[in-house]
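Here's the structure, in structure tokens; my notes come after.
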Amino acid sequence: MSDATKDNAAFPPEGTRLFDAHCHLDFMTNATEVAEDARKIGLSILATTIGPEGYRSLAHVLANQPNVRVAPGLHPWWVADGRADGRAVDAACSLAEGSSWVGEVGIDLSPHHVPEGSRDIQAQAFERVCQAAARSARKSGSPTVISIHSVRGATLALDILEETGCLATCRPVFHWFSGTSDELTRAVRSGLWFSVNEMMLKTRRGREYARQIPIERLLT
């Protein structure tokens with residue numbers, strides 16, 4: 001079963017008890033084994049990727065795993081330092097337009113993570129992916145899920161989501177939210193979802209943010 005075909009199947013499948021909303025199976029040499037072990041315990045997985053090549057490889061390896069959806073991604077670190085060039089951005093947009101699941105994409109403006117002066121190239125790439133995701137949602141008639149990496153860039157990410165129509169047509173999910181309190185308030189009011197992991201809950205601010213997120217939009 002291709003990943004595009006699986007998009008049209010019920011997900012999570014019947015019998016699922018847990019859902020991992022952001023997992024990098026593309027970093028694992030034993031992705032098939034991990035996916036199968038997850039299936040046995042009733043765990044479904046959104047497998048985010050960092051670029052088109054990783055997506056294609058993982059989607060092929062996990063094509064027969066009913067508990068996994070593989071999302072085409074374009075990680076902002078790779079965009080910022082040039083590992084994801086113009087052809088990669090084009091490919092990511094093409095893949096996003098044919099999928100109901102997109103990620104990991106986003107904006108990272110931390111000097112610890114990306115080169116100085118990469119804001120504009122990140123914003124342009126993220127805007128293009130969001131436009132593709134919105135087109136996919138309009139064509140399919142169902143919201144495209146977008147898993148978003150945002151470090152010191154939540155306001156810019158929210159602006160782009162709004163301008164591209166993703167707030168209206170897609171289901172954007174902030175992964176490991178670390179923005180300001182005002183940005184969290186705006187994101188909640190804009191209808192965003194949030195995936196919360198162990199690292200976020202290790203900080204006092206992260207735990208307080210988790211308490212402020214509407215429970216129906218809180219993912220693990």
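Each chain in the structure tokens gets a letter, A, B, ..., in the order shown, and its residues are numbered from 1; ligands are numbered from 1 in order too.
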Item to complete: Identify, with DSSP run on backbone atoms, the residues in stretch 159-211 of chain A assigned to helix (DSSP H, G or I), and express the list as a list in words.
Response: Asp159, Ile160, Leu161, Glu162, Glu163, Cys166, Leu167, Ala168, Thr169, Ser181, Asp182, Glu183, Leu184, Thr185, Arg186, Ala187, Val188, Arg189, Met200, Leu201, Lys202, Arg204, Arg205, Gly206, Arg207, Glu208, Tyr209, Ala210 and Arg211 of chain A
Can you spit out the residues from that selection as an mmCIF file, in the first residue's frame, using N, CA, C and O atoms?
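Below is the file out_34.cif, written as the result:
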data_model
loop_
_atom_site.group_PDB
_atom_site.id
_atom_site.type_symbol
_atom_site.label_atom_id
_atom_site.label_comp_id
_atom_site.auth_asym_id
_atom_site.auth_seq_id
_atom_site.Cartn_x
_atom_site.Cartn_y
_atom_site.Cartn_z
ATOM 1 N N ASP A 159 2.046 33.964 11.259
ATOM 2 C CA ASP A 159 1.742 34.900 10.168
ATOM 3 C C ASP A 159 1.643 34.153 8.839
ATOM 4 O O ASP A 159 0.710 34.370 8.048
ATOM 5 N N ILE A 160 2.592 33.258 8.590
ATOM 6 C CA ILE A 160 2.615 32.523 7.334
ATOM 7 C C ILE A 160 1.437 31.561 7.253
ATOM 8 O O ILE A 160 0.794 31.423 6.193
ATOM 9 N N LEU A 161 1.127 30.887 8.341
ATOM 10 C CA LEU A 161 -0.030 29.987 8.359
ATOM 11 C C LEU A 161 -1.315 30.742 8.029
ATOM 12 O O LEU A 161 -2.176 30.242 7.293
ATOM 13 N N GLU A 162 -1.426 31.951 8.558
ATOM 14 C CA GLU A 162 -2.622 32.754 8.291
ATOM 15 C C GLU A 162 -2.649 33.231 6.843
ATOM 16 O O GLU A 162 -3.672 33.123 6.159
ATOM 17 N N GLU A 163 -1.514 33.733 6.359
ATOM 18 C CA GLU A 163 -1.463 34.313 5.015
ATOM 19 C C GLU A 163 -1.676 33.272 3.921
ATOM 20 O O GLU A 163 -2.226 33.587 2.849
ATOM 21 N N CYS A 166 -3.643 28.311 5.697
ATOM 22 C CA CYS A 166 -3.527 27.049 6.432
ATOM 23 C C CYS A 166 -4.349 27.043 7.724
ATOM 24 O O CYS A 166 -4.795 25.978 8.169
ATOM 25 N N LEU A 167 -4.553 28.204 8.319
ATOM 26 C CA LEU A 167 -5.369 28.239 9.538
ATOM 27 C C LEU A 167 -6.796 27.812 9.243
ATOM 28 O O LEU A 167 -7.464 27.207 10.086
ATOM 29 N N ALA A 168 -7.252 28.102 8.036
ATOM 30 C CA ALA A 168 -8.632 27.770 7.667
ATOM 31 C C ALA A 168 -8.765 26.378 7.074
ATOM 32 O O ALA A 168 -9.799 25.730 7.237
ATOM 33 N N THR A 169 -7.723 25.896 6.380
ATOM 34 C CA THR A 169 -7.863 24.657 5.618
ATOM 35 C C THR A 169 -7.112 23.472 6.206
ATOM 36 O O THR A 169 -7.412 22.323 5.870
ATOM 37 N N SER A 181 4.408 33.599 26.009
ATOM 38 C CA SER A 181 3.040 33.415 26.482
ATOM 39 C C SER A 181 2.042 34.054 25.520
ATOM 40 O O SER A 181 0.975 33.479 25.249
ATOM 41 N N ASP A 182 2.384 35.229 24.992
ATOM 42 C CA ASP A 182 1.501 35.892 24.036
ATOM 43 C C ASP A 182 1.359 35.066 22.755
ATOM 44 O O ASP A 182 0.262 34.985 22.173
ATOM 45 N N GLU A 183 2.458 34.454 22.312
ATOM 46 C CA GLU A 183 2.390 33.624 21.112
ATOM 47 C C GLU A 183 1.550 32.372 21.355
ATOM 48 O O GLU A 183 0.805 31.933 20.468
ATOM 49 N N LEU A 184 1.659 31.813 22.553
ATOM 50 C CA LEU A 184 0.825 30.660 22.885
ATOM 51 C C LEU A 184 -0.650 31.044 22.851
ATOM 52 O O LEU A 184 -1.485 30.310 22.296
ATOM 53 N N THR A 185 -0.980 32.186 23.427
ATOM 54 C CA THR A 185 -2.367 32.659 23.427
ATOM 55 C C THR A 185 -2.877 32.831 22.002
ATOM 56 O O THR A 185 -3.992 32.402 21.664
ATOM 57 N N ARG A 186 -2.062 33.443 21.148
ATOM 58 C CA ARG A 186 -2.468 33.628 19.749
ATOM 59 C C ARG A 186 -2.657 32.288 19.054
ATOM 60 O O ARG A 186 -3.638 32.089 18.325
ATOM 61 N N ALA A 187 -1.740 31.355 19.295
ATOM 62 C CA ALA A 187 -1.827 30.044 18.659
ATOM 63 C C ALA A 187 -3.085 29.297 19.096
ATOM 64 O O ALA A 187 -3.777 28.678 18.279
ATOM 65 N N VAL A 188 -3.392 29.364 20.376
ATOM 66 C CA VAL A 188 -4.599 28.700 20.883
ATOM 67 C C VAL A 188 -5.835 29.333 20.269
ATOM 68 O O VAL A 188 -6.748 28.630 19.805
ATOM 69 N N ARG A 189 -5.885 30.652 20.247
ATOM 70 C CA ARG A 189 -7.040 31.342 19.675
ATOM 71 C C ARG A 189 -7.173 31.093 18.175
ATOM 72 O O ARG A 189 -8.277 31.160 17.628
ATOM 73 N N MET A 200 9.773 18.927 26.706
ATOM 74 C CA MET A 200 9.009 20.139 27.004
ATOM 75 C C MET A 200 8.540 20.136 28.446
ATOM 76 O O MET A 200 8.554 21.178 29.126
ATOM 77 N N LEU A 201 8.140 18.973 28.935
ATOM 78 C CA LEU A 201 7.597 18.888 30.293
ATOM 79 C C LEU A 201 8.672 18.906 31.370
ATOM 80 O O LEU A 201 8.359 18.917 32.564
ATOM 81 N N LYS A 202 9.946 18.919 30.976
ATOM 82 C CA LYS A 202 11.025 19.005 31.963
ATOM 83 C C LYS A 202 11.214 20.419 32.502
ATOM 84 O O LYS A 202 11.852 20.611 33.535
ATOM 85 N N ARG A 204 9.683 24.210 33.798
ATOM 86 C CA ARG A 204 8.505 24.762 34.482
ATOM 87 C C ARG A 204 7.599 25.476 33.489
ATOM 88 O O ARG A 204 6.373 25.332 33.546
ATOM 89 N N ARG A 205 8.196 26.242 32.555
ATOM 90 C CA ARG A 205 7.382 26.951 31.569
ATOM 91 C C ARG A 205 6.653 25.970 30.663
ATOM 92 O O ARG A 205 5.475 26.170 30.343
ATOM 93 N N GLY A 206 7.343 24.907 30.261
ATOM 94 C CA GLY A 206 6.711 23.913 29.400
ATOM 95 C C GLY A 206 5.517 23.258 30.067
ATOM 96 O O GLY A 206 4.474 23.047 29.440
ATOM 97 N N ARG A 207 5.654 22.951 31.357
ATOM 98 C CA ARG A 207 4.532 22.335 32.078
ATOM 99 C C ARG A 207 3.373 23.310 32.220
ATOM 100 O O ARG A 207 2.202 22.926 32.095
ATOM 101 N N GLU A 208 3.673 24.576 32.440
ATOM 102 C CA GLU A 208 2.614 25.572 32.556
ATOM 103 C C GLU A 208 1.915 25.767 31.216
ATOM 104 O O GLU A 208 0.686 25.891 31.163
ATOM 105 N N TYR A 209 2.688 25.776 30.126
ATOM 106 C CA TYR A 209 2.073 25.884 28.805
ATOM 107 C C TYR A 209 1.133 24.710 28.548
ATOM 108 O O TYR A 209 0.032 24.875 28.000
ATOM 109 N N ALA A 210 1.568 23.509 28.920
ATOM 110 C CA ALA A 210 0.742 22.325 28.700
ATOM 111 C C ALA A 210 -0.589 22.450 29.419
ATOM 112 O O ALA A 210 -1.628 21.977 28.931
ATOM 113 N N ARG A 211 -0.585 23.081 30.583
ATOM 114 C CA ARG A 211 -1.834 23.284 31.340
ATOM 115 C C ARG A 211 -2.766 24.266 30.638
ATOM 116 O O ARG A 211 -3.985 24.211 30.825
#
Strand (DSSP E or B) positions in chain A, given as a short mmCIF file (atom, residue, chain, number, x, y, z; two decimals) with all heavy atoms, in the first residue's frame:
data_model
loop_
_atom_site.label_atom_id
_atom_site.label_comp_id
_atom_site.auth_asym_id
_atom_site.auth_seq_id
_atom_site.Cartn_x
_atom_site.Cartn_y
_atom_site.Cartn_z
N LEU A 18 -2.92 4.25 21.47
CA LEU A 18 -2.05 5.40 21.67
C LEU A 18 -1.64 5.96 20.31
O LEU A 18 -1.64 5.26 19.30
CB LEU A 18 -0.79 4.98 22.43
CG LEU A 18 -0.98 4.40 23.84
CD1 LEU A 18 0.32 3.78 24.32
CD2 LEU A 18 -1.46 5.48 24.79
N PHE A 19 -1.27 7.27 20.30
CA PHE A 19 -0.85 7.92 19.06
C PHE A 19 0.34 8.82 19.34
O PHE A 19 0.27 9.72 20.16
CB PHE A 19 -2.01 8.74 18.48
CG PHE A 19 -1.64 9.53 17.25
CD1 PHE A 19 -1.21 8.89 16.10
CD2 PHE A 19 -1.74 10.91 17.25
CE1 PHE A 19 -0.88 9.61 14.97
CE2 PHE A 19 -1.42 11.65 16.13
CZ PHE A 19 -0.98 10.99 14.98
N ASP A 20 1.44 8.55 18.64
CA ASP A 20 2.64 9.40 18.73
C ASP A 20 2.56 10.40 17.58
O ASP A 20 2.66 10.03 16.41
CB ASP A 20 3.89 8.53 18.61
CG ASP A 20 5.18 9.34 18.84
OD1 ASP A 20 5.18 10.55 18.57
OD2 ASP A 20 6.17 8.74 19.30
N ALA A 21 2.40 11.66 17.92
CA ALA A 21 2.14 12.70 16.91
C ALA A 21 3.40 13.25 16.26
O ALA A 21 3.31 14.09 15.36
CB ALA A 21 1.35 13.85 17.54
N HIS A 22 4.58 12.80 16.69
CA HIS A 22 5.82 13.31 16.08
C HIS A 22 6.97 12.37 16.43
O HIS A 22 7.54 12.44 17.52
CB HIS A 22 6.12 14.72 16.62
CG HIS A 22 7.26 15.40 15.91
ND1 HIS A 22 7.07 16.42 15.02
CD2 HIS A 22 8.59 15.21 15.97
CE1 HIS A 22 8.24 16.84 14.56
NE2 HIS A 22 9.19 16.11 15.13
N CYS A 23 7.30 11.49 15.48
CA CYS A 23 8.34 10.49 15.73
C CYS A 23 9.27 10.43 14.52
O CYS A 23 8.80 10.37 13.38
CB CYS A 23 7.72 9.12 15.99
SG CYS A 23 8.92 7.81 16.31
N LEU A 43 -0.04 1.16 19.12
CA LEU A 43 0.50 2.51 18.98
C LEU A 43 0.57 2.90 17.51
O LEU A 43 1.20 2.22 16.70
CB LEU A 43 1.90 2.59 19.59
CG LEU A 43 2.69 3.89 19.36
CD1 LEU A 43 1.99 5.07 20.02
CD2 LEU A 43 4.11 3.75 19.89
N SER A 44 -0.08 4.02 17.16
CA SER A 44 0.03 4.58 15.81
C SER A 44 1.03 5.73 15.83
O SER A 44 1.23 6.39 16.86
CB SER A 44 -1.33 5.09 15.33
OG SER A 44 -2.19 4.00 15.08
N ILE A 45 1.65 5.96 14.69
CA ILE A 45 2.77 6.90 14.63
C ILE A 45 2.63 7.83 13.41
O ILE A 45 2.39 7.36 12.30
CB ILE A 45 4.11 6.15 14.51
CG1 ILE A 45 4.37 5.30 15.76
CG2 ILE A 45 5.27 7.11 14.28
CD1 ILE A 45 5.56 4.37 15.62
N LEU A 46 2.83 9.13 13.65
CA LEU A 46 3.07 10.06 12.56
C LEU A 46 4.58 10.19 12.44
O LEU A 46 5.24 10.77 13.30
CB LEU A 46 2.43 11.42 12.81
CG LEU A 46 2.74 12.48 11.75
CD1 LEU A 46 2.26 12.03 10.37
CD2 LEU A 46 2.11 13.82 12.11
N ALA A 47 5.14 9.62 11.38
CA ALA A 47 6.58 9.62 11.17
C ALA A 47 6.98 10.85 10.38
O ALA A 47 6.80 10.91 9.16
CB ALA A 47 7.00 8.35 10.44
N THR A 48 7.49 11.84 11.07
CA THR A 48 7.94 13.06 10.41
C THR A 48 9.32 12.83 9.81
O THR A 48 10.10 12.00 10.28
CB THR A 48 7.99 14.23 11.40
OG1 THR A 48 8.80 13.86 12.53
CG2 THR A 48 6.60 14.60 11.88
N VAL A 68 1.22 3.46 10.65
CA VAL A 68 2.18 4.55 10.44
C VAL A 68 1.76 5.40 9.24
O VAL A 68 1.36 4.87 8.20
CB VAL A 68 3.60 4.00 10.19
CG1 VAL A 68 4.58 5.16 9.92
CG2 VAL A 68 4.08 3.19 11.39
N ARG A 69 1.85 6.72 9.40
CA ARG A 69 1.77 7.64 8.27
C ARG A 69 3.11 8.36 8.20
O ARG A 69 3.60 8.87 9.21
CB ARG A 69 0.63 8.66 8.45
CG ARG A 69 -0.75 8.04 8.38
CD ARG A 69 -1.05 7.51 6.98
NE ARG A 69 -2.39 6.93 6.91
CZ ARG A 69 -2.69 5.69 7.20
NH1 ARG A 69 -1.75 4.86 7.62
NH2 ARG A 69 -3.93 5.24 7.10
N VAL A 70 3.67 8.40 7.01
CA VAL A 70 4.95 9.08 6.80
C VAL A 70 4.68 10.45 6.18
O VAL A 70 3.98 10.55 5.17
CB VAL A 70 5.88 8.26 5.89
CG1 VAL A 70 7.23 8.97 5.74
CG2 VAL A 70 6.09 6.86 6.47
N ALA A 71 5.21 11.50 6.80
CA ALA A 71 4.96 12.87 6.35
C ALA A 71 6.17 13.43 5.63
O ALA A 71 7.30 13.34 6.14
CB ALA A 71 4.61 13.76 7.55
N TRP A 101 -0.48 14.62 5.29
CA TRP A 101 0.39 14.74 6.46
C TRP A 101 1.69 15.41 6.03
O TRP A 101 2.33 14.95 5.08
CB TRP A 101 0.70 13.37 7.05
CG TRP A 101 -0.52 12.52 7.22
CD1 TRP A 101 -1.11 11.71 6.27
CD2 TRP A 101 -1.32 12.40 8.39
NE1 TRP A 101 -2.22 11.10 6.78
CE2 TRP A 101 -2.37 11.49 8.09
CE3 TRP A 101 -1.25 12.94 9.68
CZ2 TRP A 101 -3.34 11.14 9.02
CZ3 TRP A 101 -2.21 12.58 10.61
CH2 TRP A 101 -3.25 11.70 10.29
N VAL A 102 2.10 16.48 6.71
CA VAL A 102 3.31 17.22 6.35
C VAL A 102 4.12 17.49 7.61
O VAL A 102 3.56 17.86 8.64
CB VAL A 102 2.95 18.55 5.64
CG1 VAL A 102 4.20 19.39 5.41
CG2 VAL A 102 2.23 18.29 4.32
N GLY A 103 5.43 17.33 7.52
CA GLY A 103 6.27 17.65 8.67
C GLY A 103 7.57 16.84 8.66
O GLY A 103 7.64 15.80 8.02
N GLU A 104 8.59 17.26 9.19
CA GLU A 104 8.70 18.40 10.09
C GLU A 104 9.10 19.61 9.26
O GLU A 104 10.08 19.57 8.52
CB GLU A 104 9.73 18.09 11.17
CG GLU A 104 9.96 19.17 12.18
CD GLU A 104 10.87 18.69 13.32
OE1 GLU A 104 11.35 17.55 13.28
OE2 GLU A 104 11.09 19.48 14.24
N VAL A 105 8.37 20.69 9.40
CA VAL A 105 8.66 21.93 8.69
C VAL A 105 8.58 23.07 9.71
O VAL A 105 8.15 22.86 10.84
CB VAL A 105 7.63 22.18 7.56
CG1 VAL A 105 7.73 21.10 6.49
CG2 VAL A 105 6.20 22.24 8.10
N GLY A 106 9.01 24.27 9.30
CA GLY A 106 8.85 25.37 10.24
C GLY A 106 9.90 26.45 10.14
O GLY A 106 10.54 26.66 9.11
N ILE A 107 10.09 27.14 11.28
CA ILE A 107 10.98 28.28 11.39
C ILE A 107 11.83 28.13 12.65
O ILE A 107 11.30 27.88 13.74
CB ILE A 107 10.19 29.61 11.50
CG1 ILE A 107 9.24 29.81 10.30
CG2 ILE A 107 11.14 30.79 11.66
CD1 ILE A 107 9.95 30.14 9.01
N ASP A 108 13.15 28.31 12.51
CA ASP A 108 14.05 28.30 13.67
C ASP A 108 14.99 29.48 13.55
O ASP A 108 15.80 29.55 12.62
CB ASP A 108 14.84 26.99 13.73
CG ASP A 108 15.56 26.80 15.06
OD1 ASP A 108 16.09 27.79 15.61
OD2 ASP A 108 15.59 25.65 15.56
N VAL A 145 -2.64 17.78 7.98
CA VAL A 145 -1.95 17.92 9.27
C VAL A 145 -0.52 18.38 9.01
O VAL A 145 0.19 17.78 8.19
CB VAL A 145 -1.95 16.59 10.04
CG1 VAL A 145 -1.15 16.71 11.33
CG2 VAL A 145 -3.39 16.16 10.35
N ILE A 146 -0.08 19.43 9.70
CA ILE A 146 1.27 19.98 9.52
C ILE A 146 1.97 20.01 10.87
O ILE A 146 1.55 20.74 11.77
CB ILE A 146 1.24 21.41 8.94
CG1 ILE A 146 0.31 21.50 7.73
CG2 ILE A 146 2.65 21.85 8.57
CD1 ILE A 146 0.14 22.93 7.23
N SER A 147 3.04 19.24 11.01
CA SER A 147 3.82 19.24 12.25
C SER A 147 4.92 20.29 12.14
O SER A 147 5.80 20.21 11.26
CB SER A 147 4.43 17.86 12.51
OG SER A 147 5.05 17.82 13.78
N ILE A 148 4.88 21.28 13.04
CA ILE A 148 5.69 22.50 12.89
C ILE A 148 6.75 22.62 13.97
O ILE A 148 6.45 22.59 15.16
CB ILE A 148 4.77 23.74 12.92
CG1 ILE A 148 3.77 23.67 11.77
CG2 ILE A 148 5.61 25.02 12.84
CD1 ILE A 148 2.65 24.67 11.89
N HIS A 149 7.99 22.77 13.53
CA HIS A 149 9.12 23.09 14.40
C HIS A 149 9.22 24.62 14.48
O HIS A 149 9.29 25.29 13.45
CB HIS A 149 10.40 22.51 13.78
CG HIS A 149 11.67 22.92 14.44
ND1 HIS A 149 12.47 22.03 15.13
CD2 HIS A 149 12.31 24.12 14.51
CE1 HIS A 149 13.54 22.65 15.59
NE2 HIS A 149 13.46 23.93 15.22
N SER A 150 9.21 25.16 15.69
CA SER A 150 9.29 26.61 15.83
C SER A 150 10.14 26.96 17.05
O SER A 150 9.78 26.64 18.18
CB SER A 150 7.89 27.21 15.99
OG SER A 150 7.97 28.60 16.28
N VAL A 151 11.27 27.60 16.79
CA VAL A 151 12.14 28.11 17.86
C VAL A 151 12.39 29.58 17.57
O VAL A 151 12.94 29.93 16.52
CB VAL A 151 13.47 27.35 17.94
CG1 VAL A 151 14.35 27.92 19.05
CG2 VAL A 151 13.23 25.85 18.19
N ARG A 171 -4.65 21.53 9.58
CA ARG A 171 -4.60 21.31 11.02
C ARG A 171 -3.15 21.44 11.46
O ARG A 171 -2.43 20.45 11.62
CB ARG A 171 -5.15 19.93 11.36
CG ARG A 171 -5.32 19.69 12.86
CD ARG A 171 -6.29 18.56 13.10
NE ARG A 171 -7.64 18.92 12.72
CZ ARG A 171 -8.62 18.05 12.49
NH1 ARG A 171 -8.38 16.76 12.60
NH2 ARG A 171 -9.82 18.45 12.15
N PRO A 172 -2.69 22.67 11.68
CA PRO A 172 -1.30 22.89 12.08
C PRO A 172 -1.07 22.45 13.53
O PRO A 172 -1.91 22.71 14.40
CB PRO A 172 -1.11 24.41 11.93
CG PRO A 172 -2.31 24.90 11.19
CD PRO A 172 -3.40 23.94 11.49
N VAL A 173 0.07 21.81 13.77
CA VAL A 173 0.42 21.33 15.11
C VAL A 173 1.79 21.88 15.48
O VAL A 173 2.79 21.57 14.81
CB VAL A 173 0.47 19.79 15.15
CG1 VAL A 173 0.80 19.31 16.56
CG2 VAL A 173 -0.84 19.18 14.67
N PHE A 174 1.87 22.69 16.52
CA PHE A 174 3.18 23.12 17.02
C PHE A 174 3.78 21.98 17.83
O PHE A 174 3.19 21.49 18.79
CB PHE A 174 3.05 24.36 17.92
CG PHE A 174 3.17 25.67 17.19
CD1 PHE A 174 2.25 26.68 17.39
CD2 PHE A 174 4.23 25.90 16.32
CE1 PHE A 174 2.37 27.90 16.74
CE2 PHE A 174 4.36 27.11 15.66
CZ PHE A 174 3.43 28.11 15.88
N HIS A 175 4.98 21.57 17.43
CA HIS A 175 5.68 20.50 18.12
C HIS A 175 6.63 21.10 19.15
O HIS A 175 7.48 21.93 18.80
CB HIS A 175 6.45 19.66 17.10
CG HIS A 175 7.44 18.73 17.70
ND1 HIS A 175 7.07 17.74 18.58
CD2 HIS A 175 8.79 18.64 17.57
CE1 HIS A 175 8.15 17.08 18.95
NE2 HIS A 175 9.20 17.61 18.36
N TRP A 193 -3.11 23.02 17.15
CA TRP A 193 -2.92 21.88 18.03
C TRP A 193 -1.47 21.89 18.51
O TRP A 193 -0.63 22.61 17.97
CB TRP A 193 -3.23 20.58 17.29
CG TRP A 193 -4.69 20.42 16.94
CD1 TRP A 193 -5.48 21.31 16.26
CD2 TRP A 193 -5.52 19.30 17.24
NE1 TRP A 193 -6.74 20.80 16.11
CE2 TRP A 193 -6.80 19.57 16.69
CE3 TRP A 193 -5.30 18.08 17.89
CZ2 TRP A 193 -7.86 18.68 16.80
CZ3 TRP A 193 -6.36 17.18 17.99
CH2 TRP A 193 -7.62 17.48 17.45
N PHE A 194 -1.18 21.09 19.52
CA PHE A 194 0.15 21.08 20.12
C PHE A 194 0.55 19.65 20.46
O PHE A 194 -0.23 18.93 21.10
CB PHE A 194 0.18 21.94 21.39
CG PHE A 194 -0.21 23.36 21.18
CD1 PHE A 194 -1.56 23.72 21.13
CD2 PHE A 194 0.74 24.36 21.03
CE1 PHE A 194 -1.94 25.04 20.92
CE2 PHE A 194 0.37 25.67 20.82
CZ PHE A 194 -0.98 26.03 20.77
N SER A 195 1.75 19.25 20.05
CA SER A 195 2.27 17.96 20.47
C SER A 195 3.33 18.22 21.56
O SER A 195 4.25 19.01 21.37
CB SER A 195 2.86 17.17 19.31
OG SER A 195 3.88 17.87 18.64
N LEU A 218 -4.46 18.81 22.65
CA LEU A 218 -3.17 18.42 23.21
C LEU A 218 -2.82 17.01 22.75
O LEU A 218 -3.56 16.07 23.02
CB LEU A 218 -3.26 18.48 24.76
CG LEU A 218 -1.98 18.19 25.53
CD1 LEU A 218 -0.92 19.25 25.24
CD2 LEU A 218 -2.29 18.16 27.04
N LEU A 219 -1.69 16.87 22.07
CA LEU A 219 -1.24 15.59 21.54
C LEU A 219 0.07 15.18 22.22
O LEU A 219 0.82 16.03 22.68
CB LEU A 219 -1.01 15.68 20.03
CG LEU A 219 -2.21 16.16 19.21
CD1 LEU A 219 -1.78 16.43 17.77
CD2 LEU A 219 -3.34 15.14 19.25
#
Worksheet item: Do you know which residues are at most 12 Å from A:Lys139 counting only C-alpha atoms, after dropping those on the same chain fewer than 3 positions away, and could you put them as a ChimeraX atom specification?
Response: /A:97-100,132-136,142-144,169-170
Those residues with all heavy atoms, as a compact mmCIF listing (two decimals), in the first residue's frame please?
# COMPACT_ATOMS: atom_id res chain seq x y z
N GLU A 97 1.85 18.56 -1.53
CA GLU A 97 0.58 18.77 -2.23
C GLU A 97 -0.16 17.46 -2.48
O GLU A 97 -1.36 17.46 -2.71
CB GLU A 97 0.83 19.49 -3.56
CG GLU A 97 -0.44 19.99 -4.21
CD GLU A 97 -0.19 21.08 -5.24
OE1 GLU A 97 0.96 21.57 -5.36
OE2 GLU A 97 -1.16 21.45 -5.93
N GLY A 98 0.55 16.33 -2.36
CA GLY A 98 -0.09 15.04 -2.56
C GLY A 98 -0.28 14.25 -1.28
O GLY A 98 -0.55 13.04 -1.34
N SER A 99 -0.16 14.91 -0.13
CA SER A 99 -0.24 14.19 1.14
C SER A 99 -1.19 14.87 2.10
O SER A 99 -1.38 16.09 2.05
CB SER A 99 1.15 14.09 1.77
OG SER A 99 1.10 13.45 3.03
N SER A 100 -1.76 14.09 3.00
CA SER A 100 -2.60 14.64 4.07
C SER A 100 -1.80 14.91 5.34
O SER A 100 -2.36 15.35 6.34
CB SER A 100 -3.74 13.68 4.40
OG SER A 100 -4.58 13.50 3.29
N ALA A 132 1.41 24.65 -0.46
CA ALA A 132 1.17 23.31 -1.01
C ALA A 132 0.23 22.51 -0.12
O ALA A 132 -0.67 21.80 -0.61
CB ALA A 132 2.49 22.58 -1.19
N ALA A 133 0.42 22.62 1.20
CA ALA A 133 -0.44 21.90 2.14
C ALA A 133 -1.88 22.40 2.04
O ALA A 133 -2.83 21.61 2.12
CB ALA A 133 0.09 22.06 3.56
N ALA A 134 -2.05 23.70 1.90
CA ALA A 134 -3.39 24.26 1.77
C ALA A 134 -4.06 23.80 0.48
O ALA A 134 -5.26 23.50 0.46
CB ALA A 134 -3.33 25.79 1.82
N ARG A 135 -3.28 23.73 -0.60
CA ARG A 135 -3.84 23.23 -1.87
C ARG A 135 -4.27 21.78 -1.72
O ARG A 135 -5.32 21.37 -2.22
CB ARG A 135 -2.81 23.37 -3.01
CG ARG A 135 -2.60 24.79 -3.48
CD ARG A 135 -1.86 24.83 -4.80
NE ARG A 135 -0.50 24.30 -4.70
CZ ARG A 135 0.57 25.03 -4.42
NH1 ARG A 135 0.46 26.34 -4.18
NH2 ARG A 135 1.77 24.48 -4.37
N SER A 136 -3.45 20.98 -1.03
CA SER A 136 -3.80 19.58 -0.80
C SER A 136 -5.10 19.46 -0.02
O SER A 136 -5.95 18.62 -0.35
CB SER A 136 -2.66 18.89 -0.03
OG SER A 136 -2.99 17.54 0.26
N SER A 142 -10.35 17.59 3.10
CA SER A 142 -10.07 17.32 4.51
C SER A 142 -8.78 18.02 4.90
O SER A 142 -7.90 18.23 4.06
CB SER A 142 -9.96 15.81 4.77
OG SER A 142 -8.91 15.26 4.00
N PRO A 143 -8.65 18.42 6.17
CA PRO A 143 -7.49 19.21 6.57
C PRO A 143 -6.17 18.45 6.49
O PRO A 143 -6.10 17.27 6.84
CB PRO A 143 -7.80 19.59 8.02
CG PRO A 143 -8.78 18.56 8.48
CD PRO A 143 -9.57 18.18 7.29
N THR A 144 -5.15 19.11 6.00
CA THR A 144 -3.79 18.57 6.00
C THR A 144 -3.18 18.83 7.38
O THR A 144 -3.19 19.96 7.86
CB THR A 144 -2.93 19.25 4.93
OG1 THR A 144 -3.53 19.05 3.65
CG2 THR A 144 -1.51 18.69 4.92
N THR A 169 -7.72 25.90 6.38
CA THR A 169 -7.86 24.66 5.62
C THR A 169 -7.11 23.47 6.21
O THR A 169 -7.41 22.32 5.87
CB THR A 169 -7.36 24.85 4.18
OG1 THR A 169 -5.98 25.24 4.22
CG2 THR A 169 -8.16 25.91 3.45
N CYS A 170 -6.12 23.73 7.05
CA CYS A 170 -5.25 22.67 7.55
C CYS A 170 -5.38 22.49 9.06
O CYS A 170 -6.15 23.21 9.72
CB CYS A 170 -3.78 22.98 7.21
SG CYS A 170 -3.46 23.07 5.43
Discussion item. Taking 6 positions as the minimum chain separation for residues in the same chain, which residues sit within 9 Å of A:Val129 when counting only C-alpha atoms? Answer as a list of chain:residue names.
Written reply: A:Gly73, A:Leu74, A:Val89, A:Asp90, A:Ala92, A:Cys93, A:Ser94, A:Ala96, A:Glu97, A:Val102, A:Val105
Item to complete: Might you pull out every residue within 12 Å of A:Ser110, with only C-alpha atoms counted and same-chain residues fewer than 3 positions away left off, and present them as number ranges by chain?
Response: A: 76-77, 80, 107, 113-119, 149-154, 178-179
Item to complete: Work out how far apart atom CA of A:Val196 and atom CA of A:Phe177 are and give it in Å to one decimal.
Response: 7.5 Å
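For the pair atom CA of A:Thr164 and atom CA of A:Arg83, the interatomic distance is 25.0 Å.
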Worksheet item: For the atom pair atom CA of A:Thr49 and atom CA of A:Gln212, what is the interatomic distance in Å to one decimal place?
Response: 28.3 Å
